[in-house]
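Here is the file structure.cif (mmCIF, C-alpha atoms).
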```
data_start
loop_
_atom_site.label_atom_id
_atom_site.label_comp_id
_atom_site.auth_asym_id
_atom_site.auth_seq_id
_atom_site.Cartn_x
_atom_site.Cartn_y
_atom_site.Cartn_z
CA MET A 1 -2.14 20.28 15.47
CA THR A 2 -1.34 17.38 13.12
CA ASN A 3 -3.93 15.05 11.64
CA SER A 4 -4.07 11.44 12.75
CA ILE A 5 -6.56 10.52 10.00
CA GLU A 6 -7.00 12.12 6.59
CA ALA A 7 -9.73 10.83 4.29
CA LYS A 8 -9.84 12.44 0.85
CA GLY A 9 -12.62 11.51 -1.57
CA VAL A 10 -12.92 7.98 -0.18
CA CYS A 11 -15.33 5.71 -2.08
CA VAL A 12 -16.30 2.15 -1.21
CA GLU A 13 -18.26 -0.04 -3.60
CA TYR A 14 -19.57 -3.54 -2.95
CA THR A 15 -20.83 -6.24 -5.27
CA LEU A 16 -24.26 -7.57 -4.27
CA ILE A 17 -23.95 -11.13 -5.55
CA ARG A 18 -27.62 -12.09 -5.29
CA LYS A 19 -28.79 -8.99 -7.12
CA GLN A 20 -25.83 -8.92 -9.50
CA THR A 21 -25.46 -5.20 -8.89
CA ARG A 22 -22.92 -2.82 -7.36
CA LEU A 23 -23.66 -0.84 -4.19
CA LEU A 24 -21.87 2.46 -3.64
CA ALA A 25 -21.62 2.59 0.18
CA LEU A 26 -19.36 5.65 0.50
CA HIS A 27 -18.97 8.41 -2.06
CA ASP A 28 -16.39 11.21 -1.96
CA PHE A 29 -16.07 10.92 1.83
CA THR A 30 -13.66 13.58 3.06
CA LEU A 31 -12.73 14.10 6.70
CA ASN A 32 -9.72 15.10 8.81
CA VAL A 33 -9.32 13.90 12.40
CA ARG A 34 -6.80 15.87 14.44
CA ASP A 35 -4.40 14.09 16.75
CA GLY A 36 -6.18 13.54 20.08
CA GLU A 37 -9.58 14.57 18.71
CA PHE A 38 -12.81 12.77 19.63
CA VAL A 39 -14.92 12.55 16.46
CA VAL A 40 -18.47 11.19 16.53
CA ILE A 41 -20.23 10.03 13.36
CA VAL A 42 -24.02 10.01 13.11
CA GLY A 43 -26.26 9.31 10.16
CA PRO A 44 -29.22 7.28 8.88
CA SER A 45 -29.09 3.49 9.19
CA GLY A 46 -27.07 1.96 6.39
CA CYS A 47 -25.37 5.21 5.40
CA GLY A 48 -21.83 3.81 5.61
CA LYS A 49 -20.73 4.82 9.12
CA THR A 50 -19.36 1.40 9.98
CA THR A 51 -17.97 1.00 6.48
CA PHE A 52 -15.82 4.10 6.96
CA MET A 53 -14.67 2.90 10.36
CA ASN A 54 -13.71 -0.45 8.84
CA VAL A 55 -11.71 1.32 6.13
CA VAL A 56 -9.79 3.18 8.86
CA ALA A 57 -9.31 -0.11 10.73
CA GLY A 58 -7.85 -1.63 7.57
CA GLU A 59 -10.54 -4.32 7.41
CA VAL A 60 -12.25 -2.94 4.27
CA GLU A 61 -10.40 -1.69 1.21
CA LYS A 62 -11.48 1.57 -0.35
CA THR A 63 -12.40 1.59 -4.03
CA ARG A 64 -11.14 5.10 -4.74
CA GLY A 65 -9.72 8.08 -2.88
CA GLU A 66 -6.97 8.43 -0.31
CA LEU A 67 -6.81 7.45 3.35
CA LEU A 68 -3.79 8.36 5.45
CA ILE A 69 -3.05 7.36 9.04
CA PHE A 70 -0.40 9.66 10.50
CA GLY A 71 0.57 10.58 6.96
CA LYS A 72 0.91 7.02 5.64
CA PRO A 73 -1.52 5.10 3.38
CA VAL A 74 -3.56 2.38 5.08
CA LYS A 75 -2.51 -1.06 3.89
CA GLY A 76 -4.36 -3.18 6.45
CA PRO A 77 -4.89 -3.49 10.22
CA GLY A 78 -2.18 -2.13 12.48
CA THR A 79 -1.19 -1.91 16.13
CA ASP A 80 -1.74 1.86 16.01
CA ARG A 81 -5.52 1.21 15.84
CA SER A 82 -7.85 -0.72 18.13
CA VAL A 83 -11.58 -1.44 17.92
CA VAL A 84 -14.27 -1.56 20.62
CA PHE A 85 -17.33 -3.48 19.43
CA GLN A 86 -21.01 -3.15 20.33
CA GLU A 87 -21.28 -6.86 21.18
CA TYR A 88 -18.31 -6.83 23.63
CA ALA A 89 -16.59 -9.66 21.66
CA LEU A 90 -15.16 -11.14 24.85
CA LEU A 91 -13.94 -14.72 25.12
CA PRO A 92 -16.42 -16.36 27.55
CA TRP A 93 -13.90 -18.92 28.87
CA ARG A 94 -11.46 -16.19 29.87
CA THR A 95 -11.49 -14.06 32.99
CA VAL A 96 -11.45 -10.28 32.95
CA TRP A 97 -7.66 -10.37 33.35
CA ASP A 98 -7.18 -12.83 30.50
CA ASN A 99 -9.58 -10.99 28.17
CA VAL A 100 -7.64 -7.76 28.69
CA LYS A 101 -4.44 -9.75 28.17
CA PHE A 102 -5.63 -11.13 24.82
CA GLY A 103 -4.67 -8.17 22.62
CA LEU A 104 -1.21 -8.03 24.18
CA GLU A 105 -0.72 -11.74 23.49
CA ILE A 106 -1.52 -11.19 19.83
CA GLN A 107 1.09 -8.42 19.74
CA GLY A 108 3.66 -10.76 21.28
CA VAL A 109 4.18 -8.72 24.46
CA LYS A 110 6.09 -10.73 27.06
CA ASP A 111 4.34 -11.72 30.31
CA ASP A 112 6.66 -9.71 32.52
CA ALA A 113 6.02 -6.55 30.52
CA MET A 114 2.24 -6.88 30.39
CA LYS A 115 1.26 -7.45 34.04
CA ASP A 116 1.49 -3.84 35.17
CA ARG A 117 -0.15 -2.65 31.96
CA ILE A 118 -3.12 -5.02 32.35
CA GLN A 119 -3.70 -3.98 35.95
CA HIS A 120 -3.34 -0.31 35.08
CA PHE A 121 -6.14 -0.42 32.52
CA ILE A 122 -8.39 -2.68 34.60
CA ASP A 123 -8.08 -0.08 37.36
CA MET A 124 -8.67 2.74 34.88
CA VAL A 125 -12.04 1.35 33.73
CA GLY A 126 -13.16 0.72 37.30
CA LEU A 127 -12.93 -3.09 37.43
CA SER A 128 -10.47 -3.51 40.28
CA GLY A 129 -11.44 -6.63 42.23
CA PHE A 130 -13.08 -8.31 39.23
CA GLU A 131 -9.88 -9.61 37.62
CA LYS A 132 -10.87 -13.28 38.14
CA SER A 133 -14.52 -12.87 37.07
CA PHE A 134 -15.87 -14.35 33.84
CA PRO A 135 -18.05 -12.42 31.35
CA HIS A 136 -21.23 -14.27 32.35
CA GLU A 137 -20.73 -13.07 35.93
CA LEU A 138 -20.70 -9.39 34.90
CA SER A 139 -23.32 -6.90 33.79
CA GLY A 140 -23.45 -5.58 30.23
CA GLY A 141 -21.85 -2.32 31.28
CA MET A 142 -19.03 -4.13 33.06
CA ASN A 143 -18.40 -6.34 30.03
CA GLN A 144 -18.12 -3.24 27.89
CA ARG A 145 -15.55 -1.89 30.34
CA VAL A 146 -13.56 -5.09 29.82
CA GLY A 147 -13.68 -4.55 26.06
CA LEU A 148 -12.51 -0.97 26.51
CA ALA A 149 -9.67 -2.01 28.81
CA ARG A 150 -8.58 -4.65 26.30
CA ALA A 151 -8.48 -2.05 23.53
CA LEU A 152 -6.63 0.49 25.67
CA ALA A 153 -4.08 -2.04 26.93
CA THR A 154 -2.53 -2.31 23.46
CA GLU A 155 -1.92 1.45 23.70
CA PRO A 156 -3.23 2.34 20.22
CA ARG A 157 -2.96 5.86 18.89
CA ILE A 158 -6.46 5.60 17.39
CA LEU A 159 -9.51 4.10 19.11
CA LEU A 160 -12.41 3.00 16.89
CA MET A 161 -15.76 2.54 18.66
CA ASP A 162 -18.83 1.20 16.83
CA GLU A 163 -21.94 1.95 18.95
CA PRO A 164 -20.14 0.61 22.02
CA PHE A 165 -22.90 1.46 24.51
CA ALA A 166 -25.96 0.52 22.42
CA ALA A 167 -26.46 -2.85 24.12
CA ILE A 168 -26.50 -1.60 27.73
CA ASP A 169 -29.27 0.03 29.77
CA ALA A 170 -29.84 3.78 29.75
CA MET A 171 -28.34 4.50 33.18
CA SER A 172 -25.21 2.41 32.51
CA ARG A 173 -24.91 4.09 29.13
CA GLU A 174 -24.79 7.55 30.69
CA LEU A 175 -22.28 6.40 33.29
CA MET A 176 -20.08 4.87 30.57
CA GLN A 177 -20.18 8.12 28.59
CA GLY A 178 -18.78 9.92 31.62
CA GLU A 179 -16.18 7.22 32.18
CA LEU A 180 -15.11 7.33 28.55
CA GLU A 181 -14.75 11.12 28.68
CA ARG A 182 -12.55 10.76 31.78
CA ILE A 183 -10.44 7.95 30.31
CA ILE A 184 -9.76 9.62 26.96
CA ALA A 185 -8.77 12.80 28.78
CA GLN A 186 -6.03 10.69 30.41
CA THR A 187 -4.95 8.55 27.45
CA GLY A 188 -5.23 11.14 24.68
CA GLN A 189 -6.11 8.86 21.76
CA SER A 190 -7.81 10.04 18.60
CA VAL A 191 -11.29 8.50 18.63
CA ILE A 192 -13.85 7.69 15.95
CA PHE A 193 -17.12 6.91 17.72
CA ILE A 194 -20.27 5.77 15.90
CA THR A 195 -23.70 6.27 17.47
CA HIS A 196 -27.36 6.77 16.60
CA SER A 197 -27.89 8.93 19.70
CA ILE A 198 -27.66 12.70 19.22
CA ASP A 199 -27.41 13.21 22.98
CA GLU A 200 -24.52 10.76 23.22
CA ALA A 201 -22.78 12.43 20.29
CA ILE A 202 -22.91 15.85 21.93
CA THR A 203 -21.92 14.49 25.34
CA VAL A 204 -18.72 12.73 24.24
CA GLY A 205 -17.60 14.40 20.99
CA ASP A 206 -15.24 17.23 20.13
CA LYS A 207 -16.62 17.16 16.60
CA ILE A 208 -19.79 15.60 15.16
CA VAL A 209 -19.88 14.42 11.56
CA VAL A 210 -23.38 14.09 10.10
CA MET A 211 -23.58 11.75 7.13
CA THR A 212 -26.03 11.63 4.26
CA ALA A 213 -28.06 8.57 3.37
CA VAL A 214 -26.32 5.97 1.21
CA PRO A 215 -24.07 6.55 -0.62
CA GLY A 216 -22.64 8.10 2.52
CA ARG A 217 -20.73 11.35 2.43
CA VAL A 218 -20.24 14.23 4.84
CA LYS A 219 -23.35 16.42 5.08
CA ASP A 220 -22.17 18.69 7.90
CA ILE A 221 -19.50 18.94 10.60
CA ILE A 222 -20.37 20.49 13.96
CA GLU A 223 -17.67 21.58 16.39
CA VAL A 224 -18.91 20.89 19.93
CA ASP A 225 -17.92 23.99 21.88
CA LEU A 226 -19.36 22.91 25.25
CA PRO A 227 -17.02 22.81 28.27
CA ARG A 228 -15.70 19.55 29.70
CA PRO A 229 -16.25 17.50 31.75
CA ARG A 230 -19.76 17.34 30.32
CA TYR A 231 -21.15 14.40 32.26
CA GLU A 232 -20.63 16.16 35.59
CA ASN A 233 -22.17 19.41 34.35
CA ASP A 234 -25.86 19.74 33.48
CA ILE A 235 -25.19 20.74 29.89
CA LYS A 236 -28.44 19.31 28.49
CA ILE A 237 -30.44 22.29 29.71
CA THR A 238 -28.10 24.92 28.29
CA PRO A 239 -29.27 26.93 25.25
CA ARG A 240 -26.20 25.93 23.22
CA TYR A 241 -26.86 22.22 23.80
CA VAL A 242 -30.50 22.58 22.78
CA GLU A 243 -29.52 24.57 19.68
CA MET A 244 -26.93 22.00 18.65
CA ARG A 245 -29.27 19.07 19.22
CA ASP A 246 -32.04 20.69 17.20
CA HIS A 247 -29.66 21.41 14.32
CA ILE A 248 -28.40 17.82 14.16
CA TRP A 249 -31.92 16.43 14.48
CA LYS A 250 -33.11 18.48 11.51
CA LEU A 251 -30.17 17.32 9.39
CA LEU A 252 -30.90 13.67 10.18
CA ARG A 253 -34.64 14.12 9.73
CA ASP A 254 -34.10 15.56 6.25
CA GLU A 255 -31.93 12.59 5.29
CA ALA A 256 -34.42 10.07 6.67
CA SER A 257 -37.28 11.83 4.85
CA SER A 258 -35.42 11.72 1.55
CA VAL A 259 -34.81 7.98 1.95
CA LEU A 260 -38.48 7.35 2.74
CA LYS A 261 -39.58 9.47 -0.20
CA ASP A 262 -37.33 7.54 -2.58
CA ARG A 263 -38.71 4.23 -1.34
CA LEU A 264 -42.33 5.32 -1.71
CA THR A 265 -41.94 6.92 -5.15
CA PRO A 266 -42.95 4.48 -7.92
CA GLN A 267 -40.11 3.76 -10.30
CA ALA A 268 -40.80 4.76 -13.88
CA SER A 269 -40.96 1.77 -16.21
CA GLY A 270 -39.22 1.76 -19.57
CA SER A 271 -41.37 1.74 -22.74
#
```

In structure tokens, how does this file's structure come out?
Amino acid sequence: MTNSIEAKGVCVEYTLIRKQTRLLALHDFTLNVRDGEFVVIVGPSGCGKTTFMNVVAGEVEKTRGELLIFGKPVKGPGTDRSVVFQEYALLPWRTVWDNVKFGLEIQGVKDDAMKDRIQHFIDMVGLSGFEKSFPHELSGGMNQRVGLARALATEPRILLMDEPFAAIDAMSRELMQGELERIIAQTGQSVIFITHSIDEAITVGDKIVVMTAVPGRVKDIIEVDLPRPRYENDIKITPRYVEMRDHIWKLLRDEASSVLKDRLTPQASGS
């Protein structure tokens, strides 16, 4: 199987203007994402998860290293990648139909060519009958479905999802995990999915990447060998699920403990 994303020793460094210092957000970050693979990234807050996703999206430029998308260096955003945000990022004056249409408009797709595509993806995310509704008339979970349909309608080869279900209630979140599993099984995109939830990571991912505290790098990669569909099966009580969850929890706990220890340790003063 070919790789859709290849990150080799990627580093990202920012200038903190107020402090007049440099922050190393990512250091020697190396990861391969196979074509059609669902990769979940977890790690301590501020470890660089979103930074890496933004590098893949072409919104942030790496400082060092190599990043290839389907074998070609990333030079900026592209139509082969689409992002689903945590905050929905819908246009409140547009209906469901017109919000899904938005990405296609940006790409310059003609009206005649986009109608069937818009309806197809609205149907796919379970919003048939809500085409004329506005975002304020929908629940959080339904708005996130609109955002997902908008991203899918542009037919990207890579889907980037930054904590997409964090802002919705627990029951809707679990339902959306099942829906996402079903949809990606149909569409076949490569996915990078960021979350703070270990349970969510195991439920949706083919592979889980655990990151270290900042500067972020890969601490461990866990292949999720549980059968699909996972939402319909009670996998959370299986020994393998419990073993995997415990392993990831310990990795994250160690990273969080090291961060706390560093913050509490007095810095030695120069003589």

(request) Run the PyMOL selection byres ((chain A and resi 2) around 8) on the file and write out the hits as a PyMOL selection string. (result) chain A and resi 1+3-4+34-35

Write out, as JSON lines, each residue of segment 53-128 of chain A that has an atom at most 7 Å from segment 147-165 of chain A, together with the closest pair of atoms and their distance in Å to one decimal, counting all atoms listed in the file, rows going by chain and rising number.
```
{"residue": "A:Met53", "atom": "CA", "partner": "A:Leu160", "partner_atom": "CA", "distance": 6.9}
{"residue": "A:Thr79", "atom": "CA", "partner": "A:Pro156", "partner_atom": "CA", "distance": 6.2}
{"residue": "A:Asp80", "atom": "CA", "partner": "A:Pro156", "partner_atom": "CA", "distance": 4.5}
{"residue": "A:Arg81", "atom": "CA", "partner": "A:Ile158", "partner_atom": "CA", "distance": 4.7}
{"residue": "A:Ser82", "atom": "CA", "partner": "A:Leu159", "partner_atom": "CA", "distance": 5.2}
{"residue": "A:Val83", "atom": "CA", "partner": "A:Leu160", "partner_atom": "CA", "distance": 4.6}
{"residue": "A:Val84", "atom": "CA", "partner": "A:Met161", "partner_atom": "CA", "distance": 4.8}
{"residue": "A:Phe85", "atom": "CA", "partner": "A:Asp162", "partner_atom": "CA", "distance": 5.6}
{"residue": "A:Gln86", "atom": "CA", "partner": "A:Pro164", "partner_atom": "CA", "distance": 4.2}
{"residue": "A:Tyr88", "atom": "CA", "partner": "A:Gly147", "partner_atom": "CA", "distance": 5.7}
{"residue": "A:Leu90", "atom": "CA", "partner": "A:Gly147", "partner_atom": "CA", "distance": 6.9}
{"residue": "A:Asn99", "atom": "CA", "partner": "A:Arg150", "partner_atom": "CA", "distance": 6.7}
{"residue": "A:Val100", "atom": "CA", "partner": "A:Arg150", "partner_atom": "CA", "distance": 4.0}
{"residue": "A:Lys101", "atom": "CA", "partner": "A:Arg150", "partner_atom": "CA", "distance": 6.8}
{"residue": "A:Gly103", "atom": "CA", "partner": "A:Thr154", "partner_atom": "CA", "distance": 6.3}
{"residue": "A:Leu104", "atom": "CA", "partner": "A:Thr154", "partner_atom": "CA", "distance": 5.9}
{"residue": "A:Arg117", "atom": "CA", "partner": "A:Ala153", "partner_atom": "CA", "distance": 6.4}
{"residue": "A:Ile118", "atom": "CA", "partner": "A:Ala153", "partner_atom": "CA", "distance": 6.3}
{"residue": "A:Phe121", "atom": "CA", "partner": "A:Ala149", "partner_atom": "CA", "distance": 5.4}
{"residue": "A:Ile122", "atom": "CA", "partner": "A:Ala149", "partner_atom": "CA", "distance": 6.0}
{"residue": "A:Val125", "atom": "CA", "partner": "A:Ala149", "partner_atom": "CA", "distance": 6.4}
```

(message) Running the PyMOL selection byres ((chain A and resi 14) around 9) on this model by hand, what would come out? Give it as number ranges by chain.
(response) A: 12-13, 15-16, 21-25, 63

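Here the question is which of A:Lys8, A:Arg230, A:His136, A:Lys250 gets nearest to Arg182 of chain A using only C-alpha atoms, and that residue is A:Arg230.
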
(message) To one decimal place in Å, what is the distance between atom CA of Val204 of chain A and atom CA of Thr238 of chain A?
(response) 15.9 Å

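You can rank A:Phe70, A:Trp93, A:Phe38, A:Phe130 by their closest distance to Ala201 of chain A using all atoms listed in the file, and at the top of that list sits A:Phe38.
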